[in-house]
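Novice: Handing over work_34.txt, compact mmCIF, C-alpha atoms.
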```txt
# COMPACT_ATOMS: atom_id res chain seq x y z
CA MET N 24 -16.92 -10.82 34.61
CA THR N 25 -16.20 -7.67 32.65
CA ASN N 26 -13.78 -7.44 29.79
CA THR N 27 -10.79 -5.46 31.04
CA PHE N 28 -9.15 -5.33 27.63
CA LYS N 29 -10.47 -2.53 25.46
CA LYS N 30 -9.26 -1.80 21.98
CA ALA N 31 -7.89 1.71 21.68
CA TYR N 32 -9.37 2.98 18.44
CA ARG N 33 -7.65 5.80 16.63
CA HIS N 34 -8.28 7.52 13.32
CA ILE N 35 -6.15 6.59 10.34
CA ASP N 36 -3.56 8.90 8.88
CA ILE N 37 -1.65 8.75 5.63
CA GLY N 38 1.42 7.28 7.35
CA ALA N 39 -0.51 4.29 8.69
CA VAL N 40 -2.14 3.71 5.30
CA LYS N 41 1.25 3.85 3.56
CA GLN N 42 2.86 1.46 6.03
CA VAL N 43 0.10 -1.14 5.72
CA ALA N 44 -0.20 -0.80 1.94
CA GLU N 45 3.55 -1.18 1.37
CA HIS N 46 3.69 -4.17 3.72
CA LEU N 47 0.87 -5.85 1.77
CA MET N 48 2.47 -5.00 -1.58
CA LEU N 49 5.76 -6.52 -0.47
CA THR N 50 4.12 -9.57 1.10
CA ASN N 51 1.46 -10.33 -1.53
CA LEU N 52 2.96 -8.45 -4.51
CA GLU N 53 -0.28 -6.42 -4.71
CA THR N 54 -3.06 -4.98 -2.56
CA THR N 55 -6.40 -3.22 -2.71
CA THR N 56 -7.93 -0.50 -0.57
CA LEU N 57 -10.29 -3.08 0.92
CA GLU N 58 -7.37 -5.20 2.13
CA VAL N 59 -5.63 -2.14 3.58
CA LYS N 60 -8.85 -1.04 5.33
CA ASN N 61 -9.35 -4.50 6.85
CA VAL N 62 -5.78 -4.67 8.21
CA LEU N 63 -6.09 -1.18 9.67
CA ARG N 64 -9.35 -2.08 11.40
CA LYS N 65 -7.81 -5.23 12.88
CA ALA N 66 -4.96 -3.08 14.19
CA GLY N 67 -7.42 -0.85 16.05
CA PHE N 68 -7.88 2.01 13.60
CA ILE N 69 -11.14 3.64 12.59
CA ALA N 70 -10.89 3.16 8.84
CA PHE N 71 -13.45 3.80 6.12
CA GLN N 72 -13.09 2.60 2.54
CA GLN N 73 -13.51 6.08 1.08
CA ASP N 74 -10.78 7.56 3.29
CA VAL N 75 -8.33 4.72 2.58
CA SER N 76 -9.04 5.01 -1.15
CA ARG N 77 -8.44 8.77 -1.13
CA MET N 78 -5.17 8.43 0.80
CA MET N 79 -3.89 5.64 -1.44
CA ASP N 80 -4.69 7.77 -4.48
CA VAL N 81 -2.57 10.58 -3.01
CA LEU N 82 0.23 8.14 -2.15
CA SER N 83 0.25 6.64 -5.65
CA ARG N 84 0.65 10.12 -7.16
CA GLN N 85 3.45 11.05 -4.73
CA SER N 86 5.48 7.86 -5.05
CA VAL N 87 7.32 6.93 -8.22
CA ASN N 88 7.39 3.27 -7.12
CA TRP N 89 3.63 2.82 -6.71
CA GLN N 90 1.47 1.90 -9.66
CA TYR N 91 -2.07 0.65 -9.99
CA THR N 92 -4.41 -0.99 -12.46
CA CYS N 93 -8.16 -0.54 -12.44
CA ASN N 94 -10.55 -3.24 -13.61
CA GLY N 95 -13.59 -0.95 -13.51
CA GLU N 96 -14.56 -1.91 -9.96
CA PHE N 97 -11.42 -1.46 -7.87
CA ARG N 98 -7.74 -0.60 -8.11
CA THR N 99 -4.96 -3.09 -7.54
CA TYR N 100 -1.80 -1.41 -6.24
CA THR N 101 1.70 -2.79 -6.83
CA PHE N 102 5.31 -1.66 -6.64
CA GLN N 103 6.92 -0.77 -9.93
CA PHE N 104 10.29 -2.46 -10.11
CA ASN N 105 12.79 -0.73 -12.37
CA MET N 106 15.35 -3.23 -13.54
CA GLY N 107 17.06 -1.06 -16.17
CA TYR N 108 19.95 0.08 -14.02
CA GLN N 109 23.67 -0.05 -14.56
CA LEU N 110 26.62 0.57 -12.27
CA THR N 111 28.61 2.79 -14.63
CA PRO N 112 28.00 4.07 -18.16
CA ASP N 113 30.53 1.48 -19.41
CA THR N 114 28.69 -1.46 -17.84
CA PRO N 115 25.86 -3.00 -19.86
CA ARG N 116 22.40 -2.56 -18.39
CA PHE N 117 20.95 -5.40 -16.35
CA SER N 118 18.21 -7.30 -18.16
CA PHE N 119 16.30 -10.54 -17.81
CA ASN N 120 16.42 -10.93 -21.62
```
As a first step, turn the structure in this file into structure tokens.
Specialist:
Amino acid sequence: MTNTFKKAYRHIDIGAVKQVAEHLMLTNLETTTLEVKNVLRKAGFIAFQQDVSRMMDVLSRQSVNWQYTCNGEFRTYTFQFNMGYQLTPDTPRFSFN
């Protein structure tokens, strides 16, 4: 019996990387390029660590909400939440303090 189900592999693009990375950041509060690469591969993409890393570097520079920390081996990407907003100039700023 032959397997009639074939995975349709396609090359990654920056949109797919962004979608997966943001989903992981929202779900797990952080992500790495390795996690993004693994999810993309499971979804049927041809993904290499170097390509994912390069695209996430571009995305982090383009987006004001993305930030990362580097421990010397890999980057951990997170959303930067700005909580210093106020409705009007007369309203005190929101704060957890």
Novice: So the first atom is atom CA of Asn51 of chain N and the second is atom CA of Ile69 of chain N; what is the distance between them in Å, to one decimal place?
Specialist: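 So the answer is 23.5 Å.
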Novice: What's the 12 Å shell around Phe68 of chain N, counting all atoms listed in the file, without same-chain residues fewer than 5 positions away, as number ranges by chain?
Specialist: N: 30-36, 39-40, 43, 59-63, 75
Novice: Could you check how far atom CA of Thr56 of chain N sits from atom CA of Thr99 of chain N, in Å to one decimal?
Specialist: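 So the answer is 8.0 Å.
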Novice: Please report the interatomic distance between atom CA of Arg84 of chain N and atom CA of Gln72 of chain N in Å with one decimal.
Specialist: 18.4 Å
Novice: Closest to Ala70 of chain N among N:Glu58, N:Asn88, N:Thr101, N:Gly95, using only C-alpha atoms?
Specialist: N:Glu58
Novice: Which residue, N:Phe71, N:Phe102, N:Phe97, N:Tyr91, has the smallest gap to His46 of chain N when you use all atoms listed in the file?
Specialist: N:Phe102
Novice: If we count all atoms listed in the file and set the cut-off at 12 Å, which residues sit around Phe104 of chain N, ignoring sequence neighbours fewer than 3 positions away in its own chain? Please answer as a PyMOL selection string.
Specialist: chain N and resi 48-49+52+87-90+101+107-108
Novice: Taking the structure I provided as the source, export segment 82-104 of chain N with C-alpha atoms, as a short mmCIF file (atom, residue, chain, number, x, y, z; two decimals), in the first residue's frame.
Specialist:
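File written: part.cif
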```cif
data_model
loop_
_atom_site.label_atom_id
_atom_site.label_comp_id
_atom_site.auth_asym_id
_atom_site.auth_seq_id
_atom_site.Cartn_x
_atom_site.Cartn_y
_atom_site.Cartn_z
CA LEU N 82 11.45 41.57 12.08
CA SER N 83 12.81 42.62 15.48
CA ARG N 84 14.35 45.74 13.91
CA GLN N 85 11.13 46.61 12.03
CA SER N 86 8.71 46.10 14.92
CA VAL N 87 8.62 48.38 17.93
CA ASN N 88 6.88 45.66 19.96
CA TRP N 89 9.51 42.95 19.50
CA GLN N 90 12.50 42.76 21.80
CA TYR N 91 15.10 40.11 22.45
CA THR N 92 17.75 39.13 24.94
CA CYS N 93 20.86 37.16 24.07
CA ASN N 94 22.55 34.81 26.51
CA GLY N 95 25.61 34.31 24.31
CA GLU N 96 24.22 31.22 22.58
CA PHE N 97 20.77 32.18 21.34
CA ARG N 98 18.24 34.99 21.37
CA THR N 99 14.96 34.85 23.24
CA TYR N 100 12.28 36.99 21.59
CA THR N 101 9.39 38.57 23.50
CA PHE N 102 6.77 41.26 23.04
CA GLN N 103 7.49 44.55 24.74
CA PHE N 104 4.39 45.64 26.59
#
```
